[in-house]
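Asks: Quick one, run.txt (compact mmCIF, C-alpha atoms):
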# COMPACT_ATOMS: atom_id res chain seq x y z
CA MET A 1 177.25 19.63 135.85
CA LEU A 2 179.03 16.26 136.18
CA SER A 3 178.87 13.21 133.91
CA GLY A 4 176.87 10.13 134.97
CA ARG A 5 179.91 8.16 136.11
CA ARG A 6 181.32 11.07 138.10
CA THR A 7 177.94 11.64 139.76
CA LEU A 8 177.79 7.99 140.84
CA THR A 9 181.37 8.15 142.14
CA LEU A 10 180.51 11.25 144.16
CA LEU A 11 177.39 9.51 145.55
CA LEU A 12 179.44 6.46 146.57
CA LEU A 13 182.10 8.63 148.22
CA LEU A 14 179.51 10.63 150.15
CA CYS A 15 177.71 7.47 151.29
CA LEU A 16 180.99 5.86 152.33
CA GLY A 17 181.91 8.97 154.30
CA HIS A 18 178.58 8.90 156.12
CA ILE A 19 178.85 5.19 156.88
CA LEU A 20 182.36 5.67 158.33
CA LEU A 21 181.10 8.60 160.41
CA ILE A 22 178.16 6.56 161.73
CA SER A 23 180.24 3.47 162.48
CA SER A 24 182.88 5.48 164.37
CA GLN A 25 180.18 6.77 166.73
CA VAL A 26 178.29 3.49 167.06
CA GLN A 27 181.50 1.63 167.97
CA SER A 28 182.61 4.18 170.56
CA GLY A 29 179.07 4.28 172.01
CA ARG A 30 178.97 8.06 172.19
CA GLY A 31 178.12 10.83 169.79
CA GLN A 32 180.03 14.03 169.21
CA THR A 33 179.30 15.31 172.68
CA ALA A 34 181.36 18.52 172.51
CA LEU A 35 179.78 19.53 169.20
CA ASN A 36 176.31 18.59 170.43
CA SER A 37 176.77 20.56 173.63
CA ALA A 38 177.92 23.64 171.72
CA THR A 39 175.01 23.52 169.27
CA LEU A 40 172.53 22.81 172.09
CA GLY A 41 173.38 26.15 173.75
CA THR A 42 173.01 28.13 170.52
CA MET A 43 169.81 26.39 169.51
CA ALA A 44 168.28 26.70 172.97
CA THR A 45 168.65 30.49 172.80
CA LEU A 46 166.73 30.60 169.50
CA GLN A 47 164.18 28.04 170.66
CA GLY A 48 163.69 29.85 173.98
CA GLY A 49 162.84 33.00 172.01
CA VAL A 50 160.29 31.17 169.85
CA ALA A 51 158.81 29.44 172.94
CA GLY A 52 158.50 32.82 174.71
CA LEU A 53 156.78 34.33 171.68
CA THR A 54 154.29 31.49 171.19
CA ASP A 55 153.61 31.25 174.93
CA GLY A 56 153.01 35.02 175.02
CA ILE A 57 150.47 34.79 172.19
CA GLY A 58 148.86 31.83 173.96
CA ARG A 59 148.65 33.82 177.21
CA ILE A 60 146.99 36.76 175.43
CA TRP A 61 144.44 34.34 174.00
CA THR A 62 143.81 32.67 177.37
CA ASN A 63 143.68 35.90 179.37
CA TYR A 64 141.59 38.06 177.08
CA PHE A 65 139.71 35.96 174.58
CA GLY A 66 139.34 32.55 176.12
CA LEU A 67 137.44 33.57 179.26
CA VAL A 68 134.26 31.73 178.33
CA GLY A 69 133.48 29.26 181.11
CA ALA A 70 136.14 30.72 183.42
CA SER A 71 133.78 31.18 186.38
CA ARG A 72 132.59 27.54 186.22
CA GLU A 73 136.21 26.39 185.96
CA ASN A 74 137.09 28.66 188.90
CA GLU A 75 134.39 27.04 191.04
CA GLU A 76 135.65 23.57 190.10
CA LEU A 77 139.23 24.52 190.93
CA ARG A 78 138.20 25.91 194.35
CA ASN A 79 136.54 22.60 195.18
CA ARG A 80 139.63 20.75 193.98
CA VAL A 81 141.91 22.93 196.16
CA LEU A 82 139.75 22.18 199.20
CA GLU A 83 139.92 18.47 198.45
CA LEU A 84 143.70 18.59 197.97
CA GLU A 85 144.21 20.60 201.16
CA GLY A 86 142.44 17.83 203.05
CA LYS A 87 144.67 15.23 201.43
CA LEU A 88 147.76 17.32 202.20
CA GLN A 89 146.80 17.48 205.90
CA ALA A 90 146.46 13.69 205.98
CA GLU A 91 149.80 13.23 204.19
CA GLN A 92 151.55 15.66 206.56
CA ALA A 93 150.21 13.73 209.54
CA ARG A 94 151.39 10.47 208.00
CA SER A 95 154.82 11.97 207.21
CA GLU A 96 155.24 13.17 210.79
CA ARG A 97 154.31 9.72 212.10
CA ALA A 98 156.82 8.07 209.73
CA SER A 99 159.50 10.54 210.77
CA ALA A 100 158.84 9.81 214.45
CA LEU A 101 159.03 6.06 213.79
CA GLU A 102 162.33 6.50 211.90
CA GLY A 103 163.65 8.34 214.95
CA LEU A 104 162.47 5.61 217.28
CA LEU A 105 164.08 2.89 215.15
CA ASN A 106 167.30 4.94 214.71
CA LEU A 107 166.92 4.80 210.91
CA GLN A 108 168.47 7.33 208.56
CA LYS A 109 165.89 10.01 207.76
CA SER A 110 164.29 9.65 204.30
CA LEU A 111 165.98 12.08 202.01
CA VAL A 112 163.68 14.42 200.16
CA ALA A 113 165.67 15.49 197.13
CA PRO A 114 165.57 19.17 196.15
CA THR A 115 163.96 19.91 192.82
CA LEU A 116 164.15 22.72 190.30
CA ALA A 117 161.30 23.76 187.99
CA ALA A 118 162.15 23.93 184.29
CA ARG A 119 160.23 24.82 181.15
CA VAL A 120 160.24 22.56 178.09
CA ILE A 121 161.27 24.90 175.29
CA ALA A 122 161.54 22.53 172.34
CA GLY A 123 161.15 19.03 171.07
CA ASN A 124 163.78 17.32 168.95
CA PRO A 125 164.29 18.81 165.48
CA LYS A 126 164.27 15.25 164.13
CA PRO A 127 160.66 14.09 163.61
CA GLY A 128 159.84 10.95 165.59
CA ALA A 129 162.77 11.42 167.99
CA LEU A 130 161.56 12.08 171.52
CA PRO A 131 164.27 14.00 173.44
CA VAL A 132 163.17 17.48 174.51
CA THR A 133 165.10 20.57 175.57
CA ILE A 134 164.56 22.32 178.93
CA ASP A 135 165.60 25.86 179.85
CA ARG A 136 167.84 24.86 182.79
CA GLY A 137 171.48 23.88 182.45
CA LYS A 138 174.90 23.73 184.03
CA SER A 139 174.58 27.17 185.63
CA ASP A 140 171.46 25.98 187.49
CA GLY A 141 173.24 22.90 188.84
CA VAL A 142 171.83 20.47 186.28
CA THR A 143 174.14 17.60 185.35
CA ALA A 144 173.86 14.48 183.20
CA ASN A 145 171.58 11.65 184.38
CA MET A 146 169.49 13.78 186.73
CA ALA A 147 165.89 12.57 186.90
CA ILE A 148 163.07 14.66 185.45
CA ILE A 149 159.58 14.30 186.93
CA THR A 150 156.20 16.02 186.95
CA GLY A 151 153.30 15.88 189.39
CA ARG A 152 151.91 12.96 187.38
CA GLY A 153 155.04 10.83 187.36
CA VAL A 154 158.42 10.17 185.81
CA VAL A 155 159.33 12.00 182.60
CA GLY A 156 162.92 10.94 181.90
CA ARG A 157 166.54 11.90 182.57
CA VAL A 158 169.07 14.48 181.44
CA ILE A 159 171.32 13.13 178.68
CA GLY A 160 174.63 14.45 177.43
CA ALA A 161 176.48 17.43 178.77
CA PRO A 162 174.07 20.32 179.47
CA SER A 163 174.97 23.76 178.15
CA ALA A 164 174.91 26.79 180.47
CA HIS A 165 171.16 27.39 180.24
CA ALA A 166 169.73 24.32 178.55
CA ALA A 167 169.75 20.56 178.81
CA ARG A 168 168.49 17.72 176.68
CA VAL A 169 166.09 15.25 178.28
CA GLN A 170 165.55 11.67 177.19
CA LEU A 171 161.88 10.76 177.70
CA LEU A 172 161.12 7.40 179.31
CA ALA A 173 159.15 6.40 176.20
CA GLY A 174 162.15 7.21 174.00
CA GLU A 175 164.59 4.93 172.26
CA SER A 176 166.95 3.03 174.64
CA ALA A 177 165.39 4.65 177.74
CA ALA A 178 164.91 2.46 180.82
CA ALA A 179 164.21 2.69 184.56
CA GLY A 180 164.30 0.30 187.49
CA ALA A 181 160.70 -0.40 188.50
CA VAL A 182 158.49 -2.35 190.87
CA ILE A 183 154.86 -3.39 190.73
CA GLU A 184 153.52 -1.57 193.78
CA ARG A 185 150.92 -4.21 194.76
CA THR A 186 153.27 -7.21 194.76
CA THR A 187 156.66 -5.42 195.10
CA THR A 188 157.85 -7.44 192.10
CA ALA A 189 160.96 -5.82 190.61
CA GLY A 190 161.76 -5.40 186.94
CA MET A 191 162.90 -2.87 184.37
CA VAL A 192 160.69 -0.59 182.32
CA GLN A 193 161.88 0.19 178.80
CA GLY A 194 160.80 2.63 176.10
CA GLY A 195 161.47 2.82 172.37
CA TYR A 196 158.24 1.31 171.05
CA ALA A 197 156.27 2.86 168.20
CA ASP A 198 152.97 2.70 170.13
CA GLY A 199 154.39 5.08 172.79
CA LYS A 200 153.79 2.54 175.57
CA LEU A 201 156.45 1.05 177.81
CA ARG A 202 157.37 -2.61 178.35
CA MET A 203 158.35 -4.11 181.71
CA ASP A 204 161.06 -6.76 181.42
CA PHE A 205 163.13 -8.95 183.77
CA VAL A 206 160.06 -9.72 185.87
CA SER A 207 159.89 -13.07 187.68
CA SER A 208 157.68 -15.42 185.66
CA ALA A 209 156.07 -16.55 188.92
CA ALA A 210 154.83 -13.05 189.76
CA GLN A 211 151.12 -12.41 189.38
CA ILE A 212 150.63 -9.23 187.36
CA VAL A 213 147.16 -7.94 186.60
CA VAL A 214 145.88 -5.14 184.37
CA GLY A 215 145.69 -1.87 186.30
CA ASP A 216 148.68 -2.57 188.58
CA ARG A 217 150.63 0.59 189.43
CA VAL A 218 154.28 0.57 188.33
CA VAL A 219 156.61 2.82 190.34
CA THR A 220 160.34 3.51 190.32
CA SER A 221 162.48 1.18 192.45
CA GLY A 222 165.34 3.63 193.01
CA GLN A 223 167.77 0.81 192.20
CA ASP A 224 169.03 2.30 188.94
CA GLY A 225 170.81 5.20 190.64
CA ILE A 226 168.90 7.78 188.56
CA TYR A 227 165.23 7.89 189.50
CA PRO A 228 164.19 8.39 193.14
CA GLN A 229 162.16 5.60 194.67
CA GLY A 230 158.36 5.50 194.62
CA PHE A 231 157.54 7.80 191.69
CA LEU A 232 154.72 6.65 189.45
CA ILE A 233 155.79 5.37 186.02
CA GLY A 234 152.42 4.13 184.81
CA HIS A 235 149.82 1.38 184.94
CA VAL A 236 149.85 -2.13 183.48
CA SER A 237 147.50 -2.07 180.49
CA GLU A 238 148.07 -5.51 179.03
CA VAL A 239 149.78 -8.80 179.90
CA LYS A 240 150.49 -10.88 176.80
CA GLY A 241 151.61 -14.52 176.91
CA THR A 242 152.86 -16.51 179.88
CA GLY A 243 156.12 -17.63 181.46
CA LYS A 244 159.38 -16.40 179.96
CA THR A 245 157.71 -14.98 176.84
CA ARG A 246 155.32 -12.85 178.88
CA GLU A 247 155.12 -9.21 177.74
CA ILE A 248 153.93 -6.61 180.23
CA VAL A 249 152.69 -3.42 178.56
CA VAL A 250 152.69 -0.27 180.72
CA VAL A 251 150.82 2.94 179.84
CA PRO A 252 152.94 5.89 181.03
CA ALA A 253 151.37 8.15 183.66
CA VAL A 254 152.74 11.22 181.90
CA ASP A 255 151.40 12.32 178.52
CA PHE A 256 154.71 13.02 176.80
CA SER A 257 153.02 15.08 174.07
CA TYR A 258 151.93 17.75 176.51
CA ILE A 259 154.74 18.45 178.94
CA GLU A 260 155.33 22.12 179.54
CA VAL A 261 156.81 22.44 183.02
CA VAL A 262 158.90 19.72 184.67
CA LEU A 263 160.95 19.27 187.84
CA VAL A 264 164.64 18.40 187.78
CA VAL A 265 165.61 16.23 190.76
CA LEU A 266 168.92 17.74 191.82
CA ALA A 267 170.22 14.68 193.67
CA ARG A 268 170.55 11.05 192.72
CA PRO A 269 169.08 8.26 194.91
CA GLY A 270 171.55 7.34 197.66
CA THR A 271 173.37 10.67 197.50
CA SER A 272 172.93 13.84 199.45
CA PRO A 273 171.95 16.97 197.50
CA ASP A 274 175.61 18.04 197.38
CA GLY A 275 176.44 14.79 195.59
CA LYS A 276 178.06 12.91 198.51
CA GLN A 277 177.26 9.20 198.96
CA MET B 1 170.79 27.16 140.82
CA ASN B 2 174.38 27.78 141.94
CA LEU B 3 176.04 26.12 144.92
CA SER B 4 175.79 29.10 147.26
CA ARG B 5 172.02 29.31 146.64
CA VAL B 6 171.70 25.57 147.28
CA PHE B 7 173.52 25.88 150.60
CA ALA B 8 171.60 29.03 151.63
CA PHE B 9 168.28 27.31 150.93
CA VAL B 10 169.27 24.22 152.93
CA ILE B 11 170.65 26.20 155.88
CA GLY B 12 167.40 28.20 155.93
CA ALA B 13 165.42 24.94 156.04
CA VAL B 14 167.52 23.63 158.95
CA LEU B 15 167.02 26.89 160.86
CA LEU B 16 163.25 26.74 160.36
CA GLN B 17 163.18 23.11 161.51
CA VAL B 18 165.10 24.05 164.69
CA LEU B 19 162.83 27.03 165.38
CA PHE B 20 159.63 25.03 164.89
CA ALA B 21 160.91 22.14 167.03
CA ARG B 22 158.59 23.39 169.78
CA TYR B 23 155.74 21.69 167.94
CA LEU B 24 157.56 18.35 167.79
CA ILE B 25 157.40 17.67 171.56
CA GLY B 26 156.60 14.05 172.34
CA GLY B 27 155.90 13.27 168.68
CA ARG B 28 152.66 15.32 168.81
CA ILE B 29 153.08 16.14 165.14
CA ALA B 30 155.89 15.37 162.72
CA PHE B 31 157.40 17.36 159.87
CA ASP B 32 160.82 17.54 158.24
CA LEU B 33 161.45 20.89 156.61
CA VAL B 34 165.07 19.92 155.90
CA LEU B 35 163.84 17.04 153.75
CA VAL B 36 161.42 19.40 151.99
CA GLY B 37 164.31 21.80 151.29
CA VAL B 38 166.55 19.01 149.97
CA VAL B 39 163.83 17.68 147.62
CA LEU B 40 162.98 21.13 146.26
CA VAL B 41 166.65 21.96 145.70
CA SER B 42 167.34 18.62 144.01
CA LEU B 43 164.37 19.07 141.64
CA GLN B 44 165.81 22.43 140.68
CA ALA B 45 169.55 21.64 140.70
CA GLY B 46 169.68 17.98 139.67
CA ALA B 47 171.31 14.92 141.20
CA VAL B 48 174.65 16.50 142.15
CA GLY B 49 173.05 19.57 143.73
CA GLY B 50 170.56 17.29 145.49
CA MET B 51 173.32 15.09 146.87
CA LEU B 52 175.30 18.04 148.19
CA ALA B 53 172.16 19.64 149.65
CA GLY B 54 171.26 16.30 151.26
CA THR B 55 174.71 15.88 152.76
CA LEU B 56 174.83 19.40 154.20
CA GLY B 57 171.21 19.47 155.35
CA GLY B 58 171.34 15.98 156.82
CA LEU B 59 174.58 16.57 158.74
CA LEU B 60 173.39 19.92 160.14
CA HIS B 61 170.08 18.33 161.10
CA ASP B 62 171.92 15.48 162.87
CA VAL B 63 174.12 17.90 164.81
CA ALA B 64 171.09 19.94 165.84
CA ALA B 65 169.14 16.86 166.94
CA GLY B 66 171.95 15.23 168.94
CA GLY B 67 172.71 11.50 168.82
CA VAL B 68 174.52 9.75 166.00
CA VAL B 69 175.73 12.22 163.35
CA GLY B 70 175.58 10.86 159.80
CA ILE B 71 172.30 8.95 159.73
CA GLY B 72 170.30 11.93 158.47
CA GLY B 73 173.21 12.86 156.20
CA LEU B 74 173.24 9.44 154.53
CA LEU B 75 169.45 9.27 154.12
CA LYS B 76 169.11 12.78 152.76
CA THR B 77 172.06 12.34 150.40
CA LEU B 78 170.31 9.32 148.88
CA ILE B 79 166.97 11.15 148.72
CA GLY B 80 168.66 14.19 147.13
CA PHE B 81 170.27 11.95 144.51
CA MET B 82 167.04 10.06 143.75
CA THR B 83 164.79 13.10 143.45
CA GLY B 84 167.46 15.00 141.50
CA ALA B 85 167.80 12.12 139.02
CA PHE B 86 164.00 11.94 138.76
CA GLY B 87 163.79 15.68 138.20
CA THR B 88 166.27 15.54 135.31
CA GLN B 89 164.43 12.63 133.63
CA PHE B 90 160.93 14.08 133.95
CA VAL B 91 159.92 17.71 133.80
CA VAL B 92 158.12 18.42 137.07
CA ALA B 93 157.08 22.05 136.93
CA LYS B 94 153.64 22.28 138.53
CA PRO B 95 153.73 23.06 142.27
CA TYR B 96 151.24 20.29 143.12
CA ALA B 97 153.35 17.72 141.23
CA ARG B 98 156.44 18.82 143.15
CA ALA B 99 154.48 18.64 146.40
CA MET B 100 153.55 15.07 145.49
CA ILE B 101 157.23 14.24 144.99
CA VAL B 102 157.95 15.75 148.42
CA GLY B 103 155.28 13.41 149.84
CA ALA B 104 156.71 10.35 148.09
CA ALA B 105 160.23 11.27 149.23
CA THR B 106 158.93 11.53 152.82
CA VAL B 107 157.57 7.97 152.65
CA ILE B 108 160.84 6.58 151.23
CA HIS B 109 162.89 8.57 153.76
CA GLY B 110 160.69 7.28 156.62
CA PHE B 111 161.11 3.63 155.63
CA MET B 112 164.85 4.01 155.08
CA ALA B 113 165.15 5.68 158.51
CA ILE B 114 163.29 2.83 160.22
CA GLY B 115 165.47 0.26 158.42
CA LEU B 116 168.72 2.01 159.30
CA GLN B 117 167.60 2.40 162.92
CA ALA B 118 166.87 -1.33 163.07
CA VAL B 119 170.33 -2.15 161.67
CA ILE B 120 172.21 0.21 164.00
CA GLY B 121 170.15 -0.25 167.17
CA GLN B 122 169.31 -3.92 166.44
CA HIS B 123 165.78 -3.15 167.53
CA TRP B 124 162.69 -2.93 165.33
CA PRO B 125 160.72 0.10 166.50
CA GLY B 126 157.61 -0.70 164.45
CA ILE B 127 155.76 1.43 161.92
CA VAL B 128 153.07 3.93 162.87
CA TRP B 129 151.15 4.63 159.67
CA THR B 130 149.20 7.58 161.06
CA SER B 131 152.43 9.34 161.98
CA ILE B 132 153.98 8.68 158.55
CA LEU B 133 150.84 9.86 156.70
CA GLN B 134 150.64 12.98 158.84
CA GLU B 135 154.31 13.79 158.13
CA VAL B 136 153.70 13.22 154.41
CA ALA B 137 150.74 15.63 154.46
CA ILE B 138 152.58 18.38 156.38
CA ASN B 139 155.74 18.05 154.29
CA ALA B 140 153.75 18.16 151.04
CA VAL B 141 151.87 21.28 152.17
CA ALA B 142 155.14 22.90 153.31
CA GLY B 143 156.67 22.06 149.93
CA TYR B 144 153.72 23.58 148.09
CA VAL B 145 153.88 26.77 150.18
CA ALA B 146 157.67 27.06 149.74
CA LEU B 147 157.34 26.64 145.97
CA TYR B 148 154.53 29.15 145.80
CA LEU B 149 156.61 31.67 147.77
CA THR B 150 159.80 31.10 145.75
CA ASP B 151 157.80 31.53 142.54
CA ALA B 152 155.61 34.41 143.67
CA VAL B 153 157.91 36.59 145.81
CA PRO B 154 160.63 37.41 143.19
CA GLY B 155 157.90 38.19 140.60
CA ALA B 156 155.98 40.41 143.01
CA MET B 157 159.19 42.22 143.98
CA ALA B 158 160.08 42.82 140.32
CA ARG B 159 156.55 44.11 139.57
CA ASN B 160 156.72 46.41 142.56
CA ARG B 161 160.12 47.74 141.46
CA SER B 162 158.95 48.42 137.88
CA ARG B 163 155.77 50.10 139.18
CA GLN B 164 157.87 52.39 141.38
CA ARG B 165 160.19 53.15 138.47
CA SER B 166 157.31 54.08 136.17
CA ALA B 167 155.71 56.24 138.89
CA TRP B 168 159.00 58.15 139.23
CA GLY B 169 159.09 58.57 135.44
CA ARG B 170 155.56 60.02 135.25
CA ARG B 171 156.13 62.46 138.10
CA GLN B 172 156.22 66.11 137.01
CA TRP B 173 159.15 68.05 138.43
Step by step, read the file and then write its structure as structure tokens.
Replies:
Amino acid sequence: MLSGRRTLTLLLLLCLGHILLISSQVQSGRGQTALNSATLGTMATLQGGVAGLTDGIGRIWTNYFGLVGASRENEELRNRVLELEGKLQAEQARSERASALEGLLNLQKSLVAPTLAARVIAGNPKPGALPVTIDRGKSDGVTANMAIITGRGVVGRVIGAPSAHAARVQLLAGESAAAGAVIERTTTAGMVQGGYADGKLRMDFVSSAAQIVVGDRVVTSGQDGIYPQGFLIGHVSEVKGTGKTREIVVVPAVDFSYIEVVLVVLARPGTSPDGKQ
Amino acid sequence: MNLSRVFAFVIGAVLLQVLFARYLIGGRIAFDLVLVGVVLVSLQAGAVGGMLAGTLGGLLHDVAAGGVVGIGGLLKTLIGFMTGAFGTQFVVAKPYARAMIVGAATVIHGFMAIGLQAVIGQHWPGIVWTSILQEVAINAVAGYVALYLTDAVPGAMARNRSRQRSAWGRRQW
């Protein structure tokens, strides 16, 4: 092949090319969005096929071979449904009361944003990177920065331009992810950030005078213009240090390793579902 | 190993990584088949082949993953060069020895990735040893399996072809 000096020259040239490519994107603050969007669509088709195949095999296993203990589980689920129906009745009564009070006080009715169910079809091909791909895209009305939630709490937001039938989602525990948050008990505001190797979140910009205790529920504040207000982010698991150096560790409510079906919130806080302010 | 074979091998590795991305949700498990492909190619083709495989594989991997394009390219180019240079200095023929080199390359790649991320993002993400060790184990096993298949499949196909040929020769017409 090449001589030693030529090999080293080629290595230097390739490294220099990569460094220039990286620095051009880091400086502009955005990646190659058009290229990413195009590849996302192609990849999502392949990944959707693989997800369908593996899910199908999983369903065969669950439906035909994994029926041991199904009747006990069925009984437990029936009891759970009864319990939840009771809770739902109570919540409906409370909602009607709140709605009546809003009417009495001439307040704007609380907006319940429409949601769209989506399936998580793939993780990120880069190991350690957290963004996932969902099977809903532009043609389903999904746009950048829409919030993604599950029944347990906040998952993340749509990043980049979605393709026709797929979108990439940044998980809240991922690098440079953040959400406006409040401690429910004290209504202390702050910002929850991800990007830590332990998979937990950190709550910053919290008043040093605020009393935070382990177990406090952390919910979205709705102030960031992405996540709707009042959705559970997680619970405070640790408070390290005091004053300005205090570090508040939050365990996410959602287990990001096992998300299969999510909901896309089709409107941003403070906007109507059709996007008007 | 000629250049077209190098590129075909690397593109195949990228495709497999994209298809198996379903198992990478939320960092449940970690593996990098592109890195495995680059290391195996560089051990076979030397430093130059390794560099080119690393550049192509890394860039394709970056495009597929989204985000900053070039980080994976830079890291895998360096890994391709290092393992290629190592492969030309020392004869590494046994599959388990090659799998061990895949494991070592995974560790070096992991540390370089964390360092580069800290420089670019100005944020130290921390090191999770369990995750690194798990990736090392999966990559090494994947490397071993790939080597076994690349060694065994062409031989089995040739044997099968010669058996068919001899069966045709013995047949009485």
Asks: Just give me the gap between CA of Thr150 (chain A) and CA of Trp61 (chain A) in Å, one decimal is fine.
Replies: 25.3 Å
Asks: Counting all atoms listed in the file, I want the residues whose atoms come within 12 Å of (175.7, 14.0, 186.0) in the file frame, returned as a list in words.
Replies: Gly137, Lys138, Gly141, Val142, Thr143, Ala144, Asn145, Met146, Ala147, Arg157, Val158, Ile159, Gly160, Ala161, Pro162, Ala167, Gly225, Ile226, Val265, Leu266, Ala267, Arg268 and Gly275 of chain A
Asks: What residues in chain B lie within 6 Å of chain A, counting all atoms listed in the file, written as a ChimeraX atom specification?
Replies: /B:17-19,21-22,24-28,30-31,65-68,70,74,125-126
Asks: Using only C-alpha atoms, can you tell me which of B:Leu59, B:Ala45, B:Val69, B:Leu40 comes closest to Leu147 (chain B)?
Replies: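 For Leu147 (chain B), the nearest of the given residues is B:Leu40.
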Asks: So which residues touch Gln211 (chain A) within 12 Å, counting all atoms listed in the file, skipping near sequence neighbours fewer than 5 positions away, as JSON, numbers by chain?
Replies: {"A": [183, 184, 185, 186, 187, 188, 189, 206, 216, 236, 239, 242, 243, 246, 248]}
Asks: Quote the spacing between CA of Thr55 (chain B) and CA of Ala93 (chain B) in Å to one decimal place.
Replies: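 Atom-to-atom, CA of Thr55 (chain B) to CA of Ala93 (chain B), that is 24.5 Å.
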Asks: For Thr220 (chain A), find every residue with an atom within 8 Å (counting all atoms listed in the file), except residues of its own chain fewer than 3 positions away, and show them as a ChimeraX atom specification.
Replies: /A:179-182,227-233
Asks: Selected residues, C-alpha atoms, written as a PDB file, keeping the file's coordinate frame, please.
Replies:
ATOM      1  CA  ALA A 179     164.210   2.690 184.560  1.00  0.00           C
ATOM      2  CA  GLY A 180     164.300   0.300 187.490  1.00  0.00           C
ATOM      3  CA  ALA A 181     160.700  -0.400 188.500  1.00  0.00           C
ATOM      4  CA  VAL A 182     158.490  -2.350 190.870  1.00  0.00           C
ATOM      5  CA  TYR A 227     165.230   7.890 189.500  1.00  0.00           C
ATOM      6  CA  PRO A 228     164.190   8.390 193.140  1.00  0.00           C
ATOM      7  CA  GLN A 229     162.160   5.600 194.670  1.00  0.00           C
ATOM      8  CA  GLY A 230     158.360   5.500 194.620  1.00  0.00           C
ATOM      9  CA  PHE A 231     157.540   7.800 191.690  1.00  0.00           C
ATOM     10  CA  LEU A 232     154.720   6.650 189.450  1.00  0.00           C
ATOM     11  CA  ILE A 233     155.790   5.370 186.020  1.00  0.00           C
TER      12      ILE A 233
END
Asks: Quick one: pull the distance between CA of Asp32 (chain B) and CA of Ala113 (chain B), Å, one decimal.
Replies: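 CA of Ala113 (chain B) lies at a distance of 12.6 Å from CA of Asp32 (chain B).
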Asks: Select, from A:Lys244, A:His235, A:Arg97, A:Arg5, the residue with the minimum atom-to-atom distance to Phe205 (chain A), counting only C-alpha atoms.
Replies: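 Of A:Lys244, A:His235, A:Arg97, A:Arg5, the one nearest Phe205 (chain A) is A:Lys244, counting only C-alpha atoms.
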Asks: Excluding same-chain residues fewer than 4 positions from Thr77 (chain B), what lies within 10 Å of it counting all atoms listed in the file, as a list of chain:residue names?
Replies: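 Contacts, with the query itself left out: A:Leu11, A:Leu14, A:Cys15, A:His18, B:Val38, B:Ala47, B:Val48, B:Gly49, B:Gly50, B:Met51, B:Leu52, B:Ala53, B:Gly54, B:Thr55, B:Leu56, B:Gly57, B:Gly58, B:Leu59, B:Ile71, B:Gly72, B:Gly73, B:Phe81, B:Met82.
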